[in-house]
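Trainee: This one is coords_13.cif, mmCIF, C-alpha atoms and all ligand atoms.
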data_input
loop_
_atom_site.label_atom_id
_atom_site.label_comp_id
_atom_site.auth_asym_id
_atom_site.auth_seq_id
_atom_site.Cartn_x
_atom_site.Cartn_y
_atom_site.Cartn_z
CA MET A 820 -3.73 -21.87 -8.78
CA GLY A 821 -0.52 -21.06 -6.85
CA ILE A 822 1.71 -21.23 -9.93
CA ALA A 823 -0.65 -18.98 -11.90
CA ILE A 824 -0.55 -16.38 -9.09
CA GLN A 825 3.23 -16.65 -8.94
CA ASN A 826 3.53 -16.07 -12.70
CA MET A 827 1.10 -13.18 -12.48
CA PHE A 828 3.17 -11.38 -9.83
CA ASP A 829 6.39 -12.11 -11.73
CA GLY A 830 4.74 -10.40 -14.69
CA ILE A 831 3.71 -7.21 -12.89
CA ALA A 832 6.66 -6.95 -10.48
CA ARG A 833 8.43 -4.07 -12.25
CA ARG A 834 5.34 -1.84 -12.25
CA TYR A 835 3.89 -3.13 -8.98
CA ASP A 836 4.97 -0.33 -6.62
CA PHE A 837 4.08 2.43 -9.03
CA LEU A 838 0.59 1.03 -9.66
CA ASN A 839 0.03 0.39 -5.95
CA HIS A 840 0.67 4.02 -5.12
CA PHE A 841 -1.16 5.31 -8.19
CA LEU A 842 -4.31 3.20 -7.82
CA SER A 843 -4.62 3.98 -4.11
CA ALA A 844 -3.76 7.67 -4.62
CA GLY A 845 -0.83 7.10 -2.28
CA ARG A 846 -3.03 5.87 0.57
CA ASP A 847 -1.32 2.45 0.65
CA ARG A 848 1.66 4.15 2.31
CA ALA A 849 -0.54 5.49 5.11
CA TRP A 850 -2.26 2.10 5.53
CA ARG A 851 1.07 0.28 5.82
CA ARG A 852 2.34 2.85 8.30
CA LYS A 853 -0.78 2.58 10.42
CA ALA A 854 -0.52 -1.23 10.42
CA ALA A 855 3.22 -1.24 11.16
CA GLY A 856 2.62 1.25 13.98
CA LEU A 857 0.51 -1.34 15.82
CA LEU A 858 3.52 -3.56 16.30
CA ARG A 859 5.38 -2.78 19.51
CA SER A 860 8.50 -4.85 19.62
CA GLY A 861 11.52 -5.38 21.79
CA ARG A 862 15.03 -4.45 20.79
CA SER A 863 15.85 -7.55 18.77
CA PRO A 864 12.62 -8.66 17.20
CA ARG A 865 12.46 -11.47 14.70
CA ILE A 866 10.01 -10.34 12.05
CA LEU A 867 8.68 -12.24 9.05
CA ASP A 868 7.04 -10.26 6.25
CA LEU A 869 5.03 -13.02 4.60
CA CYS A 870 3.98 -12.55 0.96
CA GLY A 871 6.32 -9.60 1.34
CA GLY A 872 6.59 -8.87 -2.39
CA THR A 873 8.71 -5.80 -3.09
CA GLY A 874 9.37 -5.26 0.62
CA ASP A 875 7.27 -2.14 1.24
CA PHE A 876 5.64 -3.38 4.43
CA TRP A 877 8.88 -4.50 6.02
CA LYS A 878 10.56 -1.24 5.00
CA THR A 879 7.71 0.81 6.47
CA TRP A 880 7.99 -1.06 9.75
CA ASP A 881 11.77 -0.76 9.85
CA ASP A 882 11.70 2.99 9.07
CA LEU A 883 9.13 3.51 11.80
CA ARG A 884 11.22 1.59 14.29
CA VAL A 885 14.26 3.71 13.51
CA GLU A 886 12.17 6.87 13.98
CA ARG A 887 10.87 5.63 17.32
CA ALA A 888 14.33 4.63 18.44
CA ALA A 889 15.66 8.06 17.58
CA GLY A 890 12.76 9.64 19.49
CA GLU A 891 13.52 7.47 22.51
CA GLY A 892 17.17 8.46 22.42
CA TYR A 893 18.70 5.31 20.99
CA GLY A 894 19.96 7.32 18.05
CA GLY A 895 18.36 4.99 15.57
CA GLN A 896 21.46 3.13 14.58
CA GLY A 897 21.40 0.32 17.09
CA MET A 898 17.68 -0.24 16.70
CA SER A 899 17.65 -0.32 12.96
CA GLY A 900 19.83 -2.82 11.21
CA LYS A 901 21.87 -5.24 13.20
CA SER A 902 19.57 -5.71 16.14
CA SER A 903 16.60 -6.92 14.12
CA VAL A 904 16.10 -10.09 12.17
CA GLY A 905 13.93 -9.23 9.22
CA ILE A 906 12.88 -11.76 6.61
CA ILE A 907 10.87 -10.96 3.53
CA ALA A 908 9.39 -14.17 2.12
CA ASP A 909 7.54 -14.50 -1.15
CA PHE A 910 7.20 -17.13 -3.87
CA SER A 911 7.64 -14.66 -6.74
CA LEU A 912 11.25 -14.22 -7.75
CA GLY A 913 10.32 -11.12 -9.76
CA MET A 914 8.85 -9.42 -6.68
CA LEU A 915 11.87 -10.35 -4.54
CA GLN A 916 14.21 -8.92 -7.17
CA GLN A 917 12.40 -5.60 -6.84
CA ALA A 918 12.68 -5.85 -3.05
CA ARG A 919 16.42 -6.37 -3.35
CA LYS A 920 16.76 -2.95 -5.02
CA LYS A 921 15.24 -1.24 -1.96
CA PHE A 922 17.94 -2.32 0.42
CA PRO A 923 21.22 -1.38 -1.22
CA GLY A 924 24.28 -1.54 0.94
CA ARG A 925 22.55 -3.70 3.49
CA PRO A 926 24.09 -7.10 3.04
CA GLU A 927 21.69 -9.72 4.25
CA ALA A 928 24.17 -11.41 6.53
CA GLU A 929 24.72 -8.21 8.52
CA THR A 930 21.55 -6.21 8.67
CA GLY A 931 18.77 -7.87 6.81
CA PRO A 932 16.25 -8.11 5.58
CA ALA A 933 16.99 -11.53 4.24
CA LEU A 934 14.96 -12.37 1.17
CA VAL A 935 13.57 -15.88 1.04
CA ARG A 936 11.73 -17.48 -1.83
CA MET A 937 9.08 -19.55 -0.16
CA ASP A 938 5.47 -20.63 -0.44
CA ALA A 939 3.53 -19.26 2.52
CA LEU A 940 1.72 -22.59 2.77
CA ARG A 941 5.01 -24.52 3.00
CA PRO A 942 7.27 -22.33 5.14
CA CYS A 943 10.85 -23.40 5.69
CA PHE A 944 11.18 -22.15 9.30
CA LYS A 945 10.92 -23.97 12.59
CA ALA A 946 7.94 -23.57 14.90
CA GLY A 947 8.12 -20.49 17.13
CA SER A 948 10.78 -18.79 15.00
CA PHE A 949 9.20 -15.30 14.97
CA ASP A 950 8.06 -12.61 17.38
CA ALA A 951 5.80 -11.16 14.72
CA VAL A 952 4.50 -12.02 11.28
CA LEU A 953 3.27 -9.29 8.92
CA CYS A 954 1.25 -9.89 5.79
CA ALA A 955 0.03 -7.07 3.55
CA TYR A 956 -2.35 -7.96 0.73
CA GLY A 957 -1.11 -11.54 0.63
CA MET A 958 -3.68 -13.65 2.51
CA ARG A 959 -6.29 -13.11 -0.21
CA ASN A 960 -4.03 -14.89 -2.70
CA LEU A 961 -3.51 -18.09 -0.75
CA ASP A 962 -5.14 -21.30 -1.96
CA SER A 963 -6.28 -21.92 1.61
CA VAL A 964 -6.57 -19.03 4.06
CA SER A 965 -7.16 -21.38 7.00
CA SER A 966 -4.00 -23.38 6.21
CA GLY A 967 -2.11 -20.08 5.93
CA ILE A 968 -3.32 -18.99 9.37
CA ASP A 969 -2.38 -22.39 10.81
CA GLU A 970 1.15 -22.04 9.42
CA ILE A 971 1.44 -18.50 10.79
CA GLY A 972 0.30 -19.76 14.19
CA ARG A 973 3.01 -22.41 14.04
CA LEU A 974 5.74 -19.90 13.07
CA LEU A 975 4.90 -17.45 15.88
CA ARG A 976 6.22 -17.85 19.39
CA PRO A 977 3.51 -17.85 22.10
CA GLY A 978 2.48 -14.21 22.58
CA GLY A 979 3.74 -13.30 19.11
CA MET A 980 1.64 -11.02 16.96
CA PHE A 981 0.25 -11.40 13.46
CA ILE A 982 -0.69 -8.25 11.57
CA THR A 983 -2.74 -8.50 8.40
CA LEU A 984 -3.33 -5.57 6.07
CA GLU A 985 -5.89 -6.57 3.47
CA PHE A 986 -8.82 -5.73 1.22
CA PHE A 987 -11.90 -7.72 2.23
CA ARG A 988 -15.20 -8.54 0.57
CA PRO A 989 -17.29 -5.37 0.80
CA THR A 990 -20.17 -5.35 3.27
CA THR A 991 -21.12 -1.68 3.63
CA ALA A 992 -22.91 0.56 1.14
CA PHE A 993 -19.76 2.60 0.57
CA THR A 994 -17.39 -0.35 0.08
CA ARG A 995 -19.98 -2.13 -2.16
CA PHE A 996 -20.15 0.97 -4.32
CA PHE A 997 -16.36 1.16 -4.38
CA TYR A 998 -15.56 -2.50 -5.07
CA ASN A 999 -18.63 -3.56 -7.07
CA GLY A 1000 -19.07 -0.34 -9.05
CA LEU A 1001 -16.02 1.87 -9.27
CA ALA A 1002 -13.14 -0.59 -9.04
CA PRO A 1003 -14.19 -3.08 -11.80
CA LEU A 1004 -14.64 -0.17 -14.21
CA SER A 1005 -11.39 1.60 -13.52
CA ILE A 1006 -8.71 -0.71 -12.07
CA PRO A 1007 -8.38 -3.28 -14.93
CA PHE A 1008 -8.23 -0.45 -17.44
CA LEU A 1009 -5.58 1.48 -15.52
CA GLY A 1010 -3.64 -1.74 -14.94
CA TRP A 1011 -3.71 -2.44 -18.67
CA PHE A 1012 -2.75 1.14 -19.53
CA PHE A 1013 0.27 1.29 -17.23
CA SER A 1014 1.48 -2.31 -17.19
CA SER A 1015 -0.20 -4.05 -20.17
CA ARG A 1016 -1.50 -6.62 -17.65
CA LYS A 1017 -5.25 -6.20 -17.63
CA GLN A 1018 -5.87 -9.74 -16.35
CA ALA A 1019 -3.76 -9.20 -13.26
CA TYR A 1020 -5.70 -6.10 -12.30
CA ALA A 1021 -9.04 -7.72 -13.11
CA TYR A 1022 -7.92 -10.51 -10.76
CA LEU A 1023 -7.17 -7.92 -8.07
CA VAL A 1024 -10.79 -6.75 -8.07
CA GLU A 1025 -12.28 -10.26 -8.39
CA SER A 1026 -10.15 -11.63 -5.59
CA ILE A 1027 -11.39 -8.88 -3.25
CA ARG A 1028 -15.02 -9.52 -4.14
CA GLY A 1029 -14.57 -13.27 -3.72
CA PHE A 1030 -12.62 -13.07 -0.43
CA LYS A 1031 -13.91 -13.34 3.12
CA SER A 1032 -15.56 -10.36 4.80
CA VAL A 1033 -13.43 -8.84 7.55
CA GLY A 1034 -15.80 -10.34 10.14
CA GLU A 1035 -15.40 -13.85 8.70
CA TYR A 1036 -11.63 -13.39 8.60
CA ARG A 1037 -11.52 -12.18 12.23
CA ASP A 1038 -13.50 -15.27 13.31
CA CYS A 1039 -10.90 -17.57 11.71
CA PHE A 1040 -8.41 -16.39 14.35
CA LYS A 1041 -10.81 -16.79 17.22
CA ASP A 1042 -11.57 -20.35 16.05
CA ARG A 1043 -7.85 -21.12 16.07
CA GLY A 1044 -7.09 -19.97 19.59
CA PHE A 1045 -5.57 -16.57 18.83
CA ARG A 1046 -6.43 -13.86 21.36
CA ASP A 1047 -6.82 -10.06 21.35
CA VAL A 1048 -8.13 -10.15 17.78
CA ALA A 1049 -8.78 -6.57 16.67
CA VAL A 1050 -9.96 -4.95 13.45
CA VAL A 1051 -8.98 -1.42 12.39
CA PRO A 1052 -10.67 0.00 9.27
CA CYS A 1053 -8.69 2.33 7.02
CA ASP A 1054 -10.38 5.03 4.94
CA PHE A 1055 -13.99 3.95 5.60
CA GLY A 1056 -13.20 0.26 5.15
CA ILE A 1057 -11.46 0.35 1.78
CA SER A 1058 -8.69 -1.53 3.55
CA HIS A 1059 -8.53 -3.17 6.99
CA ILE A 1060 -5.88 -4.07 9.52
CA VAL A 1061 -6.47 -7.20 11.59
CA THR A 1062 -4.19 -7.96 14.53
CA ALA A 1063 -4.12 -11.20 16.48
CA VAL A 1064 -1.89 -12.58 19.22
CA LYS A 1065 -0.94 -16.23 19.42
CA GLY A 1066 -2.49 -17.67 22.59
C1 LIG B 1101 -0.48 -7.98 -3.53
S1 LIG B 1101 1.16 -8.50 -3.31
C2 LIG B 1101 1.58 -7.77 -1.76
C3 LIG B 1101 3.05 -7.49 -1.63
C4 LIG B 1101 3.47 -6.72 -0.39
N1 LIG B 1101 3.16 -7.45 0.82
C5 LIG B 1101 2.87 -5.36 -0.34
O1 LIG B 1101 2.43 -4.93 0.70
O2 LIG B 1101 2.87 -4.67 -1.37
C6 LIG B 1101 0.91 -10.19 -2.87
C7 LIG B 1101 2.21 -10.97 -2.79
O3 LIG B 1101 1.92 -12.26 -2.26
C8 LIG B 1101 2.73 -13.19 -2.90
N2 LIG B 1101 2.12 -14.51 -2.72
C9 LIG B 1101 0.87 -14.89 -3.10
N3 LIG B 1101 0.65 -16.17 -2.75
C10 LIG B 1101 1.77 -16.59 -2.12
C11 LIG B 1101 2.16 -17.82 -1.53
N4 LIG B 1101 1.34 -18.88 -1.52
N5 LIG B 1101 3.38 -17.91 -0.98
C12 LIG B 1101 4.23 -16.85 -1.01
N6 LIG B 1101 3.93 -15.66 -1.57
C13 LIG B 1101 2.71 -15.54 -2.11
C14 LIG B 1101 2.81 -12.71 -4.34
O4 LIG B 1101 3.91 -13.23 -5.04
C15 LIG B 1101 2.89 -11.20 -4.14
O5 LIG B 1101 4.22 -10.75 -4.08
#
Please, can you express the file's structure as structure tokens?
Ligand SMILES: C[S@@+](CC[C@H](N)C(=O)[O-])C[C@H]1O[C@@H](n2cnc3c(N)ncnc32)[C@H](O)[C@@H]1O

Mentor:
Amino acid sequence: MGIAIQNMFDGIARRYDFLNHFLSAGRDRAWRRKAAGLLRSGRSPRILDLCGGTGDFWKTWDDLRVERAAGEGYGGQGMSGKSSVGIIADFSLGMLQQARKKFPGRPEAETGPALVRMDALRPCFKAGSFDAVLCAYGMRNLDSVSSGIDEIGRLLRPGGMFITLEFFRPTTAFTRFFYNGLAPLSIPFLGWFFSSRKQAYAYLVESIRGFKSVGEYRDCFKDRGFRDVAVVPCDFGISHIVTAVKG
């Protein structure tokens, strides 16, 4: 399963950002910003963007941090590049190559983000390496969500925060209509039209319908000793943010 997913994302990488923005009518930007805004961090946070793909989530968070720093009188510069350790990890080389294009003139050794090709279920970092882990639209693709959460728990320092942004199995009348009616009719067709990859966009819809509900996902964290687990719906539950703090 993992290798098929990896190949699928390699195949759509070049059109991924465009289709993300197009299919969500640009709302994905607002969802990422809302999710990134929930992370309050110190001046030198170590952040892992897991399943980070083309780097949009990490970039959103970093831009927001620079804005906040400027607002607080740090001038932005010191808070942006050198003082943070940002890592974008993904197992698709194609997606990471697209991420690389977003950070020109920011050599990894100096400012980050570093790009790491890695399977989220076999991370190459020591326990407690990160103050925060972000994951946007990645958890749904893992072979085992519970193993993924266990690994994230291991990577976080005690008190570190995990922020998920995800589409969950629909449970309300509106989201059932959206994901069981509208999305299967339109998304595979639009995916085929713009990227010639109908299967990948059919998978997108199927993987949402076959995933956990947001309530089931939230309970996974409670069962694993995370605390302060909170759910924030975006646009009537089309997407959700789930935050959890390592106990
Ligand atoms: C829907 S994209 C999301 C990308 C990005 N986070 C965003 O917000 O647009 C899902 C990403 O998860 C990656 N992915 C899926 N399973 C993975 C795994 N087991 N290990 C690492 N990356 C994985 C895919 O390669 C893909 O880039």

Trainee: Using all atoms listed in the file, which protein or nucleic acid residues come within 12 Å of Gly871 of chain A? Drop anything in the same chain fewer than 2 positions from it, and give the result as an MDAnalysis selection string.

Mentor: chainID A and resid 828 866:869 873:879 905:919 932:939 952:958 983:984

Trainee: From the list A:Phe1012, A:Phe981, A:Lys853, A:Pro864, which residue is nearest Leu883 of chain A when using all atoms listed in the file?

Mentor: A:Lys853

Trainee: In terms of the shortest atom-to-atom distance over only C-alpha atoms, which of A:Thr990, A:Ser948, A:Asn826, A:Gln1018 is closest to Leu975 of chain A?

Mentor: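 Of A:Thr990, A:Ser948, A:Asn826, A:Gln1018, the one nearest Leu975 of chain A, counting only C-alpha atoms, is A:Ser948.
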
Trainee: Could you pull the residues within 12 Å of segment 1038-1048 of chain A, counting only C-alpha atoms, minus those fewer than 2 positions along the same chain, as a ChimeraX atom specification?

Mentor: /A:963-973,975-983,1031-1036,1050-1051,1060-1066

Trainee: From the options A:Arg1028, A:His840, A:Arg988, A:Lys1017, which residue's atoms come nearest to ligand LIG 1101 (chain B), counting only C-alpha atoms and all ligand atoms?

Mentor: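 With only C-alpha atoms and all ligand atoms as the atom set, the closest residue is A:His840.
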
Trainee: If I wrap all listed atoms of ligand LIG 1101 (chain B) in a box with edges along x, y and z and add 8 Å on each side, what are its centre and edge lengths in Å to one decimal, as AutoDock Vina command-line options?

Mentor:
--center_x 1.9 --center_y -11.8 --center_z -2.1 --size_x 20.7 --size_y 30.2 --size_z 21.9

Trainee: Let me make sure I understand: among A:Pro1003, A:Gly1010, A:Gly856, A:Gly821, which one has the smallest atom-to-atom distance to Val1024 of chain A if we use only C-alpha atoms?

Mentor: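 Smallest separation from Val1024 of chain A among the options: A:Pro1003.
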
Trainee: Report, in Å with one decimal, the straight-line distance from atom N5 of ligand LIG 1101 (chain B) to atom CA of Cys870 of chain A.

Mentor: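 Pair atom N5 of ligand LIG 1101 (chain B) / atom CA of Cys870 of chain A returns 5.7 Å.
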
Trainee: Hey, which of A:Phe1055, A:Trp1011, A:Phe996, A:Tyr1020 ends up closest to ligand LIG 1101 (chain B)? Count all atoms listed in the file.

Mentor: A:Tyr1020

Trainee: From the list A:Ser1014, A:Ser1005, A:Ser1058, A:Thr994, which residue is nearest Arg834 of chain A when using only C-alpha atoms?

Mentor: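 Smallest separation from Arg834 of chain A among the options: A:Ser1014.
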
Trainee: To one decimal in Å, tell me the separation between atom C8 of ligand LIG 1101 (chain B) and atom CA of Arg959 of chain A.

Mentor: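 Interatomic distance here is 9.4 Å.
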
Trainee: What is the distance, in Å and to one decimal place, between atom CA of Asp882 of chain A and atom CA of Trp850 of chain A?

Mentor: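 That distance, rounded to one decimal, is 14.4 Å.
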